[in-house]
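As stored in data_2.tsv (TSV, C-alpha atoms):
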```
chain	number	residue	atom	x	y	z
A	1	MET	CA	-1.02	43.85	-67.68
A	2	ARG	CA	-3.33	42.65	-64.91
A	3	ILE	CA	-5.04	39.43	-65.91
A	4	ALA	CA	-7.60	37.34	-64.04
A	5	VAL	CA	-7.74	33.73	-65.21
A	6	LEU	CA	-11.09	32.07	-64.49
A	7	MET	CA	-10.53	28.34	-64.19
A	8	PRO	CA	-13.13	25.73	-63.26
A	9	ALA	CA	-11.77	22.33	-62.24
A	10	PHE	CA	-13.44	19.02	-61.61
A	11	ASN	CA	-11.47	15.85	-60.92
A	12	GLU	CA	-8.52	16.97	-63.03
A	13	GLU	CA	-5.89	15.39	-60.77
A	14	GLY	CA	-2.44	15.77	-62.33
A	15	ARG	CA	-3.70	17.66	-65.39
A	16	LEU	CA	-4.49	20.71	-63.29
A	17	ALA	CA	-0.94	21.02	-61.95
A	18	ARG	CA	0.42	20.66	-65.49
A	19	THR	CA	-1.95	23.37	-66.72
A	20	LEU	CA	-0.85	25.79	-64.01
A	21	ASP	CA	2.80	24.93	-64.59
A	22	ASP	CA	2.42	25.71	-68.28
A	23	LEU	CA	0.59	28.94	-67.48
A	24	ALA	CA	3.19	30.06	-64.95
A	25	GLY	CA	5.93	29.38	-67.49
A	26	ALA	CA	4.30	31.57	-70.12
A	27	ILE	CA	3.80	34.68	-68.03
A	28	PRO	CA	6.41	37.43	-68.20
A	29	SER	CA	7.30	38.95	-64.84
A	30	THR	CA	5.84	42.30	-65.88
A	31	ASP	CA	2.31	40.89	-65.90
A	32	HIS	CA	0.20	40.43	-62.80
A	33	VAL	CA	-1.78	37.22	-63.22
A	34	CYS	CA	-4.20	35.82	-60.68
A	35	VAL	CA	-5.85	32.45	-61.23
A	36	PHE	CA	-9.35	32.12	-59.79
A	37	LEU	CA	-9.53	28.38	-59.41
A	38	VAL	CA	-12.94	26.96	-58.57
A	39	ASP	CA	-12.90	23.35	-57.45
A	40	ASP	CA	-16.32	22.13	-58.52
A	41	GLY	CA	-16.65	19.53	-55.78
A	42	SER	CA	-13.79	17.31	-56.89
A	43	ALA	CA	-13.30	14.06	-55.00
A	44	PRO	CA	-10.67	13.90	-53.72
A	45	ALA	CA	-10.36	17.67	-53.32
A	46	ILE	CA	-7.67	19.52	-55.24
A	47	ASP	CA	-4.20	18.79	-53.94
A	48	GLU	CA	-2.90	22.24	-53.02
A	49	LYS	CA	0.62	21.12	-52.32
A	50	ALA	CA	0.94	19.78	-55.84
A	51	LEU	CA	-0.40	23.06	-57.22
A	52	ARG	CA	1.98	25.09	-55.16
A	53	ALA	CA	4.86	22.91	-56.28
A	54	ALA	CA	3.80	23.10	-59.92
A	55	ALA	CA	3.40	26.87	-60.03
A	56	PRO	CA	5.30	28.44	-57.14
A	57	GLY	CA	5.23	31.93	-58.59
A	58	LEU	CA	1.60	32.05	-59.58
A	59	ARG	CA	-1.02	33.92	-57.57
A	60	ILE	CA	-3.91	31.48	-57.05
A	61	VAL	CA	-7.24	32.12	-55.33
A	62	VAL	CA	-9.08	28.90	-54.54
A	63	ALA	CA	-12.81	28.45	-53.92
A	64	ARG	CA	-14.55	25.15	-53.52
A	65	HIS	CA	-18.09	24.15	-54.33
A	66	ALA	CA	-19.36	21.86	-51.58
A	67	VAL	CA	-21.15	19.80	-54.20
A	68	ASN	CA	-20.59	19.41	-57.93
A	69	LEU	CA	-22.69	21.92	-59.86
A	70	GLY	CA	-21.20	21.91	-63.34
A	71	GLN	CA	-18.72	23.86	-65.40
A	72	GLY	CA	-21.02	26.80	-66.05
A	73	ALA	CA	-21.68	27.27	-62.33
A	74	ALA	CA	-17.96	27.05	-61.54
A	75	LEU	CA	-17.15	29.66	-64.18
A	76	GLU	CA	-19.78	31.98	-62.76
A	77	THR	CA	-18.33	31.56	-59.27
A	78	ALA	CA	-14.88	32.38	-60.66
A	79	ARG	CA	-16.30	35.41	-62.47
A	80	ARG	CA	-17.87	36.78	-59.29
A	81	LEU	CA	-14.69	36.17	-57.31
A	82	ALA	CA	-12.61	38.00	-59.89
A	83	LEU	CA	-14.91	41.01	-59.59
A	84	GLU	CA	-14.75	41.10	-55.78
A	85	PRO	CA	-12.77	44.12	-54.57
A	86	ARG	CA	-10.76	42.11	-52.07
A	87	TRP	CA	-8.90	40.16	-54.76
A	88	GLN	CA	-8.01	43.12	-56.98
A	89	PRO	CA	-4.28	43.69	-57.44
A	90	GLY	CA	-2.79	46.62	-55.56
A	91	GLU	CA	-1.96	48.45	-58.78
A	92	GLY	CA	-5.58	48.60	-59.92
A	93	PRO	CA	-8.44	46.42	-61.09
A	94	PHE	CA	-7.99	43.57	-63.56
A	95	GLU	CA	-7.78	44.63	-67.20
A	96	ALA	CA	-8.56	41.27	-68.77
A	97	PHE	CA	-10.56	38.21	-67.67
A	98	VAL	CA	-9.61	34.97	-69.39
A	99	THR	CA	-11.58	31.75	-69.06
A	100	MET	CA	-9.49	28.63	-69.43
A	101	ASP	CA	-9.97	24.88	-69.06
A	102	SER	CA	-7.99	23.13	-66.37
A	103	ASP	CA	-7.25	19.88	-68.21
A	104	GLY	CA	-4.23	21.11	-70.11
A	105	GLN	CA	-5.91	21.54	-73.48
A	106	HIS	CA	-5.22	25.29	-73.56
A	107	ARG	CA	-1.77	26.86	-73.63
A	108	GLY	CA	-0.52	29.52	-71.29
A	109	SER	CA	0.89	31.47	-74.23
A	110	ASP	CA	-2.59	31.63	-75.79
A	111	VAL	CA	-3.95	33.14	-72.57
A	112	LEU	CA	-1.51	35.98	-73.08
A	113	ALA	CA	-2.43	36.27	-76.76
A	114	LEU	CA	-6.12	36.67	-75.86
A	115	ALA	CA	-5.35	39.15	-73.09
A	116	GLY	CA	-3.24	41.02	-75.64
A	117	ALA	CA	-6.26	41.34	-77.91
A	118	ILE	CA	-8.17	42.89	-75.01
A	119	ALA	CA	-5.28	45.27	-74.35
A	120	ALA	CA	-5.42	46.21	-78.03
A	121	GLY	CA	-8.98	47.42	-77.57
A	122	ALA	CA	-11.30	44.46	-78.07
A	123	ASP	CA	-14.02	43.82	-75.48
A	124	VAL	CA	-14.25	40.12	-76.20
A	125	ALA	CA	-11.56	37.87	-77.66
A	126	LEU	CA	-12.48	34.30	-78.51
A	127	GLY	CA	-10.07	31.48	-79.16
A	128	ASP	CA	-10.30	29.94	-82.61
A	129	ARG	CA	-8.83	26.47	-82.59
A	130	PHE	CA	-9.26	25.89	-86.33
A	131	ALA	CA	-7.09	28.85	-87.29
A	132	GLY	CA	-4.52	27.87	-84.69
A	133	GLY	CA	-3.48	24.65	-86.35
A	134	SER	CA	-4.76	22.26	-83.68
A	135	ALA	CA	-5.10	18.61	-84.56
A	136	VAL	CA	-8.84	18.48	-84.01
A	137	PRO	CA	-10.00	14.84	-84.16
A	138	ARG	CA	-12.53	13.97	-86.83
A	139	SER	CA	-15.28	13.09	-84.32
A	140	ARG	CA	-14.77	16.48	-82.70
A	141	ARG	CA	-14.94	18.29	-86.03
A	142	ALA	CA	-18.36	16.84	-86.82
A	143	LEU	CA	-19.73	17.70	-83.39
A	144	LEU	CA	-18.32	21.23	-83.55
A	145	ALA	CA	-19.74	21.80	-87.03
A	146	PHE	CA	-23.15	20.93	-85.66
A	147	ALA	CA	-22.59	23.20	-82.64
A	148	ARG	CA	-21.53	26.02	-84.95
A	149	ALA	CA	-24.69	25.76	-87.03
A	150	PHE	CA	-26.79	25.64	-83.86
A	151	GLU	CA	-25.03	28.70	-82.45
A	152	ARG	CA	-25.52	30.65	-85.65
A	153	ALA	CA	-29.19	29.85	-85.74
A	154	THR	CA	-29.87	30.56	-82.06
A	155	THR	CA	-27.50	33.41	-81.21
A	156	GLY	CA	-26.83	35.13	-84.50
A	157	LEU	CA	-23.11	35.20	-83.72
A	158	ARG	CA	-21.01	34.09	-86.69
A	159	LEU	CA	-17.99	32.41	-85.17
A	160	SER	CA	-15.56	29.97	-86.68
A	161	ASP	CA	-15.14	28.20	-83.35
A	162	VAL	CA	-17.78	27.73	-80.69
A	163	HIS	CA	-17.72	26.04	-77.32
A	164	ASN	CA	-14.04	26.79	-76.99
A	165	GLY	CA	-13.29	27.32	-73.31
A	166	LEU	CA	-10.57	29.86	-74.04
A	167	ARG	CA	-12.07	33.35	-74.11
A	168	ALA	CA	-11.07	36.77	-72.86
A	169	PHE	CA	-13.24	39.67	-71.72
A	170	GLY	CA	-12.47	43.28	-70.95
A	171	PRO	CA	-13.84	44.85	-67.76
A	172	ARG	CA	-16.83	46.31	-69.61
A	173	ALA	CA	-17.78	42.96	-71.14
A	174	ILE	CA	-17.28	40.72	-68.11
A	175	ALA	CA	-19.88	42.64	-66.13
A	176	SER	CA	-22.64	41.50	-68.48
A	177	MET	CA	-21.53	37.88	-68.82
A	178	ARG	CA	-23.56	36.43	-66.01
A	179	ILE	CA	-23.94	32.65	-66.41
A	180	ARG	CA	-27.17	30.97	-65.37
A	181	GLN	CA	-26.62	27.66	-67.13
A	182	ASN	CA	-24.88	25.47	-64.58
A	183	ARG	CA	-23.77	22.76	-66.92
A	184	MET	CA	-22.38	22.69	-70.45
A	185	ALA	CA	-25.04	24.89	-72.00
A	186	HIS	CA	-23.23	27.92	-70.57
A	187	ALA	CA	-21.13	28.14	-73.74
A	188	THR	CA	-24.23	28.81	-75.82
A	189	GLU	CA	-25.50	31.18	-73.16
A	190	LEU	CA	-22.23	33.14	-73.32
A	191	SER	CA	-22.39	33.28	-77.12
A	192	ARG	CA	-25.86	34.70	-76.81
A	193	SER	CA	-24.75	37.32	-74.28
A	194	ILE	CA	-21.84	38.28	-76.52
A	195	SER	CA	-24.08	38.40	-79.57
A	196	ARG	CA	-26.61	40.57	-77.81
A	197	ALA	CA	-23.97	42.93	-76.47
A	198	SER	CA	-22.22	43.26	-79.82
A	199	ALA	CA	-25.49	44.30	-81.45
A	200	GLU	CA	-26.46	46.93	-78.86
A	201	ARG	CA	-28.40	49.74	-80.41
A	202	ALA	CA	-26.32	52.50	-78.87
A	203	LYS	CA	-22.89	52.52	-80.52
A	204	ASP	CA	-21.14	53.28	-77.21
A	205	ASP	CA	-22.56	50.16	-75.59
A	206	GLN	CA	-21.56	47.84	-78.40
A	207	LEU	CA	-18.89	45.29	-77.59
A	208	THR	CA	-16.22	44.58	-80.15
A	209	VAL	CA	-15.53	40.88	-80.68
A	210	VAL	CA	-12.41	39.40	-82.24
A	211	GLU	CA	-11.27	35.86	-82.82
A	212	VAL	CA	-7.71	34.91	-82.05
A	213	PRO	CA	-6.03	31.74	-83.33
A	214	VAL	CA	-5.22	29.39	-80.48
A	215	SER	CA	-4.12	25.81	-80.39
A	216	VAL	CA	-5.99	23.14	-78.49
A	217	ARG	CA	-4.19	20.01	-77.40
A	218	TYR	CA	-6.31	16.91	-77.41
A	219	SER	CA	-5.31	14.10	-75.13
A	220	ASP	CA	-7.14	10.83	-74.66
A	221	GLU	CA	-7.95	11.89	-71.13
A	222	SER	CA	-9.45	15.22	-72.09
A	223	LEU	CA	-11.39	13.64	-74.95
A	224	ALA	CA	-12.87	11.05	-72.61
A	225	LYS	CA	-13.96	13.78	-70.22
A	226	GLY	CA	-15.13	16.14	-72.95
A	227	GLN	CA	-18.49	16.46	-74.60
A	228	SER	CA	-20.04	13.67	-76.60
A	229	ALA	CA	-23.01	13.64	-78.92
A	230	SER	CA	-25.36	12.72	-76.07
A	231	GLY	CA	-24.00	15.77	-74.25
A	232	ALA	CA	-25.35	17.85	-77.11
A	233	ILE	CA	-28.86	16.63	-76.36
A	234	THR	CA	-28.43	17.51	-72.68
A	235	ILE	CA	-27.32	20.98	-73.73
A	236	VAL	CA	-30.41	21.52	-75.88
A	237	VAL	CA	-32.68	20.32	-73.05
A	238	ASP	CA	-30.91	22.58	-70.55
A	239	LEU	CA	-31.28	25.54	-72.89
A	240	PHE	CA	-34.97	24.82	-73.30
A	241	HIS	CA	-35.45	24.64	-69.53
A	242	GLY	CA	-33.57	27.89	-69.16
A	243	PHE	CA	-35.79	29.44	-71.80
A	244	LEU	CA	-38.93	28.18	-70.07
A	245	PHE	CA	-38.13	28.82	-66.46
A	246	SER	CA	-35.50	31.55	-66.17
A	247	ASP	CA	-37.54	34.68	-66.51
A	248	GLY	CA	-34.68	36.98	-65.63
A	249	ARG	CA	-35.83	37.45	-62.07
A	250	GLY	CA	-34.53	34.52	-60.06
A	251	PRO	CA	-32.01	34.91	-57.28
A	252	ARG	CA	-29.89	37.91	-58.20
B	1	MET	CA	-81.55	0.81	-59.29
B	2	MET	CA	-77.83	1.26	-59.84
B	3	GLN	CA	-76.17	-2.08	-60.22
B	4	ALA	CA	-72.75	-2.88	-58.73
B	5	GLU	CA	-70.57	-4.29	-61.52
B	6	VAL	CA	-68.14	-6.66	-59.87
B	7	THR	CA	-65.89	-7.60	-62.78
B	8	PRO	CA	-62.41	-9.12	-62.35
B	9	ALA	CA	-60.96	-5.71	-63.30
B	10	ALA	CA	-63.02	-3.99	-60.62
B	11	ILE	CA	-61.87	-6.48	-58.01
B	12	ALA	CA	-58.24	-6.03	-59.01
B	13	LEU	CA	-58.42	-2.22	-58.97
B	14	VAL	CA	-60.26	-1.96	-55.67
B	15	GLY	CA	-57.84	-4.52	-54.26
B	16	LEU	CA	-54.95	-2.33	-55.40
B	17	LEU	CA	-56.49	0.73	-53.75
B	18	ALA	CA	-57.00	-1.16	-50.53
B	19	ALA	CA	-53.46	-2.50	-50.57
B	20	LEU	CA	-51.99	0.96	-51.21
B	21	PHE	CA	-54.03	2.45	-48.42
B	22	LEU	CA	-53.00	-0.29	-46.06
B	23	HIS	CA	-49.36	0.27	-46.98
B	24	ASP	CA	-49.60	4.01	-46.36
B	25	PHE	CA	-51.54	3.44	-43.18
B	26	VAL	CA	-48.65	1.41	-41.83
B	27	THR	CA	-45.84	3.68	-43.08
B	28	LEU	CA	-47.46	7.12	-42.71
B	29	GLN	CA	-49.17	6.47	-39.41
B	30	ARG	CA	-48.12	9.74	-37.87
B	31	ASN	CA	-49.72	11.87	-40.58
B	32	ARG	CA	-53.39	11.16	-39.81
B	33	ARG	CA	-54.76	14.10	-41.75
B	34	LEU	CA	-53.10	13.05	-44.99
B	35	LEU	CA	-54.37	9.50	-44.44
B	36	LEU	CA	-57.90	10.79	-44.00
B	37	VAL	CA	-57.74	12.74	-47.29
B	38	GLN	CA	-56.32	9.68	-48.98
B	39	LEU	CA	-59.09	7.51	-47.58
B	40	VAL	CA	-61.78	9.84	-48.90
B	41	VAL	CA	-60.21	10.08	-52.38
B	42	PHE	CA	-59.63	6.32	-52.58
B	43	ALA	CA	-63.16	5.56	-51.40
B	44	GLY	CA	-64.49	7.87	-54.11
B	45	GLY	CA	-62.38	6.06	-56.67
B	46	ALA	CA	-63.52	2.64	-55.47
B	47	TRP	CA	-67.14	3.75	-55.64
B	48	LEU	CA	-66.69	4.88	-59.26
B	49	ILE	CA	-65.05	1.56	-60.07
B	50	VAL	CA	-67.75	-0.60	-58.54
B	51	TYR	CA	-70.64	1.59	-59.77
B	52	PRO	CA	-69.46	2.71	-63.23
B	53	GLU	CA	-73.02	3.78	-64.02
B	54	VAL	CA	-72.43	6.91	-61.91
B	55	ALA	CA	-69.59	8.15	-64.09
B	56	ARG	CA	-71.45	7.00	-67.22
B	57	ARG	CA	-74.53	9.09	-66.42
B	58	LEU	CA	-72.43	12.13	-65.49
B	59	ALA	CA	-70.49	11.72	-68.75
B	60	HIS	CA	-73.63	11.50	-70.84
B	61	PHE	CA	-75.01	14.51	-69.03
B	62	VAL	CA	-72.06	16.71	-70.11
B	63	GLY	CA	-71.74	15.12	-73.56
B	64	ILE	CA	-68.80	12.73	-73.12
B	65	GLY	CA	-69.21	9.22	-74.56
B	66	ARG	CA	-67.72	7.02	-71.87
B	67	GLY	CA	-67.76	7.22	-68.10
B	68	VAL	CA	-64.06	6.44	-67.97
B	69	ASP	CA	-63.28	9.45	-70.15
B	70	PHE	CA	-65.23	11.64	-67.78
B	71	VAL	CA	-62.66	10.76	-65.12
B	72	LEU	CA	-59.63	10.57	-67.42
B	73	TYR	CA	-59.80	13.92	-69.22
B	74	PRO	CA	-59.50	16.16	-66.15
B	75	LEU	CA	-56.91	13.77	-64.74
B	76	VAL	CA	-54.65	14.08	-67.81
B	77	ILE	CA	-54.91	17.87	-67.80
B	78	TRP	CA	-54.04	17.94	-64.13
B	79	LEU	CA	-51.07	15.60	-64.60
B	80	VAL	CA	-49.57	17.63	-67.46
B	81	ARG	CA	-49.84	20.79	-65.44
B	82	GLU	CA	-48.38	19.08	-62.39
B	83	SER	CA	-45.39	17.88	-64.39
B	84	LEU	CA	-44.66	21.37	-65.72
B	85	LEU	CA	-45.00	22.89	-62.28
B	86	SER	CA	-42.70	20.34	-60.70
B	87	ARG	CA	-40.10	20.92	-63.43
B	88	ARG	CA	-40.20	24.61	-62.71
B	89	ARG	CA	-39.99	24.00	-59.01
B	90	ARG	CA	-36.95	21.77	-59.54
B	91	HIS	CA	-35.33	24.44	-61.70
B	92	GLU	CA	-35.88	27.12	-59.08
B	93	GLU	CA	-34.69	24.80	-56.36
B	94	GLN	CA	-31.52	24.18	-58.34
B	95	GLU	CA	-30.94	27.91	-58.75
B	96	ARG	CA	-31.26	28.33	-55.00
B	97	VAL	CA	-28.85	25.50	-54.29
B	98	THR	CA	-26.41	27.01	-56.79
B	99	GLU	CA	-26.49	30.37	-55.08
B	100	LEU	CA	-26.09	28.75	-51.68
B	101	VAL	CA	-23.11	26.64	-52.74
B	102	ARG	CA	-21.62	29.67	-54.51
B	103	ALA	CA	-22.03	31.88	-51.47
B	104	MET	CA	-20.26	29.28	-49.35
B	105	ALA	CA	-17.50	28.96	-51.95
B	106	THR	CA	-16.86	32.68	-52.30
B	107	SER	CA	-16.97	33.42	-48.58
B	108	GLY	CA	-14.54	30.56	-47.98
B	109	ALA	CA	-12.22	31.51	-50.85
B	110	TYR	CA	-8.59	31.96	-49.92
B	111	GLU	CA	-5.35	32.70	-51.63
B	112	LEU	CA	-2.96	29.80	-51.85
B	113	ALA	CA	-0.12	30.55	-49.46
B	114	GLY	CA	3.36	31.05	-50.78
B	115	ALA	CA	2.65	33.19	-53.81
B	116	VAL	CA	5.67	35.28	-54.68
B	117	ALA	CA	3.92	38.12	-56.47
B	118	GLU	CA	5.02	40.55	-53.77
B	119	PRO	CA	8.07	39.14	-52.00
B	120	ALA	CA	7.73	41.64	-49.15
B	121	THR	CA	4.45	40.22	-47.86
B	122	ASP	CA	4.50	37.66	-45.13
B	123	HIS	CA	2.45	34.77	-46.40
B	124	SER	CA	2.66	31.97	-43.89
B	125	SER	CA	3.47	28.65	-45.45
B	126	LYS	CA	0.58	26.99	-43.69
B	127	ARG	CA	-2.59	26.27	-45.55
B	128	ALA	CA	-5.03	29.05	-44.90
B	129	PRO	CA	-8.18	27.99	-43.07
B	130	ALA	CA	-11.13	28.07	-45.40
B	131	HIS	CA	-13.09	30.63	-43.42
B	132	SER	CA	-10.36	33.05	-42.49
B	133	SER	CA	-11.29	36.53	-43.59
B	134	ALA	CA	-8.04	37.82	-42.17
B	135	VAL	CA	-6.18	35.84	-44.80
B	136	ALA	CA	-8.51	37.18	-47.43
B	137	ALA	CA	-7.80	40.75	-46.39
B	138	SER	CA	-4.06	40.23	-46.52
B	139	CYS	CA	-4.25	39.31	-50.17
B	140	THR	CA	-5.52	42.68	-51.29
B	141	GLU	CA	-2.20	44.27	-50.37
```

Give the structure from the file, written as structure tokens.
Amino acid sequence: MRIAVLMPAFNEEGRLARTLDDLAGAIPSTDHVCVFLVDDGSAPAIDEKALRAAAPGLRIVVARHAVNLGQGAALETARRLALEPRWQPGEGPFEAFVTMDSDGQHRGSDVLALAGAIAAGADVALGDRFAGGSAVPRSRRALLAFARAFERATTGLRLSDVHNGLRAFGPRAIASMRIRQNRMAHATELSRSISRASAERAKDDQLTVVEVPVSVRYSDESLAKGQSASGAITIVVDLFHGFLFSDGRGPR
Amino acid sequence: MMQAEVTPAAIALVGLLAALFLHDFVTLQRNRRLLLVQLVVFAGGAWLIVYPEVARRLAHFVGIGRGVDFVLYPLVIWLVRESLLSRRRRHEEQERVTELVRAMATSGAYELAGAVAEPATDHSSKRAPAHSSAVAASCTE
């Protein structure tokens, strides 16, 4: 299977190499995997030698934002790169597009599980960390419960896990997943796009969405970098600004 | 007939206007036109401060109780609108910057040398220069 992994990275240092190492270890040789790694203005910049050493067999395309824009912007850059003809594998275009965090919280084997769901016919496969037996810290659970209620109310998508960075899209779905929210509100924006596309009026245009159990590893480092309650307020403000000012025209 | 009302507040406010103008006159010297506009607006403000009866009569004429309110109401409306407009401008500016940074990132994207997906290809072990399109082309196979 031909899989594009969309991976934003910002100041991940050693965690990034470990993530790629884990990913490289999980991929069978029959699969063609290309990581679209977007360095979102890390300082110091990503250490390529360490990456190469960590994952010698992995195909990695690197792009670098000159300034830090946010995770949503980096994901969108990765998405556009993965759709560019020049990076397509020789055997044909990518069959699955998997978004993945670069801090080691997602497992390489789960990337394959999500891509497998796409191969089995789903258009969108979303990681569900609660079904996957992850040790989700209590503070996280409360925040995620709030996020889930917010998502349900604003997007209409009934998911057991929201704001999980591990998702997979088929070629048909990825085309309509344009991200305009530069920062953390992109997760809600994606849910909304998925919700809208799964409720298309014409049956042929409807996307099928499945949830796949995945496990998320929480480390102190990733928790410190992750979202806090004040981040939730920023997200709501960003969404409101997007609602007010993004009228669908904008640049491209 | 109209009496100048030189209260301590009036002195303080006019003093503030004068100080601000003096400051801008020193720092913005090259932009004479802007200074001229500022001078006219500030002089108008100072006049309203020293002769509040002007604003008071205008206010009564249009049915507003106080002269101050006659000046404040339009000012508040203008400020609210200005704040919304500048937020929108900032949002659009940010979208432009995003697209610019993204365009730079995608045009400078390169494949990390040394990938072993296709062993036959000759990937040099050197780090690819960020702007090399030749390297980009070689990755399509």

Next on the checklist: Residues within 9 Å of A:Glu189, please, as an MDAnalysis selection string. Count only C-alpha atoms; anything in the same chain fewer than 3 positions from it doesn't count.
Outcome noted: chainID A and resid 155 177 179:181 185:186 192:194 239

Next on the checklist: I'd like the neighbourhood of B:Leu35 as an MDAnalysis selection string, where a residue qualifies if any of its atoms comes within 9 Å (using only C-alpha atoms), though same-chain residues fewer than 6 positions away should be ignored.
Outcome noted: chainID B and resid 21 24:25 28:29

Next on the checklist: Give me, as a PyMOL selection string, the residues of chain A touching chain B, with the criterion being at most 10 Å (counting all atoms listed in the file).
Outcome noted: chain A and resi 29+31-40+48-49+51-53+55-70+73-74+76-78+80-81+84-91+180-182+241-242+244-246+250-252

Checklist outcome for this item: From atom CA of A:Gly121 to atom CA of A:Ala199 the spacing works out at 17.2 Å

Item to check | One-decimal distance in Å that lies between atom CA of B:Trp78 and atom CA of B:Arg32 | outcome: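 Value for the atom CA of B:Arg32-atom CA of B:Trp78 distance: 25.3 Å.
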
Item to check | Computed interatomic separation between atom CA of A:Leu112 and atom CA of A:Phe130 (Å) | outcome: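 Interatomic distance, atom CA of A:Leu112 to atom CA of A:Phe130: 18.4 Å.
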
Which polymer residues have any atom within 12 Å of an atom of B:Pro52, counting all atoms listed in the file, with same-chain residues fewer than 3 positions away left out, as a tab-separated table (two decimals) with C-alpha atoms, in the coordinates of the input?
```
chain	number	residue	atom	x	y	z
B	2	MET	CA	-77.83	1.26	-59.84
B	3	GLN	CA	-76.17	-2.08	-60.22
B	4	ALA	CA	-72.75	-2.88	-58.73
B	5	GLU	CA	-70.57	-4.29	-61.52
B	6	VAL	CA	-68.14	-6.66	-59.87
B	7	THR	CA	-65.89	-7.60	-62.78
B	9	ALA	CA	-60.96	-5.71	-63.30
B	10	ALA	CA	-63.02	-3.99	-60.62
B	44	GLY	CA	-64.49	7.87	-54.11
B	45	GLY	CA	-62.38	6.06	-56.67
B	46	ALA	CA	-63.52	2.64	-55.47
B	47	TRP	CA	-67.14	3.75	-55.64
B	48	LEU	CA	-66.69	4.88	-59.26
B	49	ILE	CA	-65.05	1.56	-60.07
B	55	ALA	CA	-69.59	8.15	-64.09
B	56	ARG	CA	-71.45	7.00	-67.22
B	57	ARG	CA	-74.53	9.09	-66.42
B	58	LEU	CA	-72.43	12.13	-65.49
B	59	ALA	CA	-70.49	11.72	-68.75
B	66	ARG	CA	-67.72	7.02	-71.87
B	67	GLY	CA	-67.76	7.22	-68.10
B	68	VAL	CA	-64.06	6.44	-67.97
B	69	ASP	CA	-63.28	9.45	-70.15
B	70	PHE	CA	-65.23	11.64	-67.78
B	71	VAL	CA	-62.66	10.76	-65.12
```

Checklist entry - Which residue out of A:Ile27, A:Ala9, A:Val124, A:Leu159 has the minimum interatomic distance to A:Ala173 when only C-alpha atoms are used? => result A:Val124

Next on the checklist: What's around A:Gly116 at 9 Å? Count all atoms listed in the file, leave out sequence neighbours fewer than 5 positions away in its own chain, and write the answer as a list of chain:residue names.
Outcome noted: A:Met1, A:Ala96, A:Val111, A:Gly121

Checklist entry - When distances are computed from all atoms listed in the file, which of A:Leu166, A:Ala153, A:Gly108, A:Ser176 shows the smallest separation from A:Gln206? => result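 Closest candidate: A:Ser176.
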
Given 3 Å on each side, where is the centre and what are the edge lengths in Å to one decimal of the axis-aligned box enclosing the listed atoms of stretch 151-169 of chain A, as lines of an AutoDock Vina configuration file?
```
center_x = -20.2
center_y = 32.9
center_z = -79.2
size_x = 25.3
size_y = 19.6
size_z = 21.0
```

Checklist entry - From the list A:Thr30, A:Thr19, A:Ser195, A:Thr154, which residue is nearest A:Gln105 when using only C-alpha atoms? => result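 Distance minimum relative to A:Gln105 lands on A:Thr19.
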
Next on the checklist: Show me, as an MDAnalysis selection string, the residues that have an atom within 10 Å of A:Asn164 when counting only C-alpha atoms, minus same-chain residues fewer than 4 positions from it.
Outcome noted: chainID A and resid 99:101 106 126:129 144 187 214 216
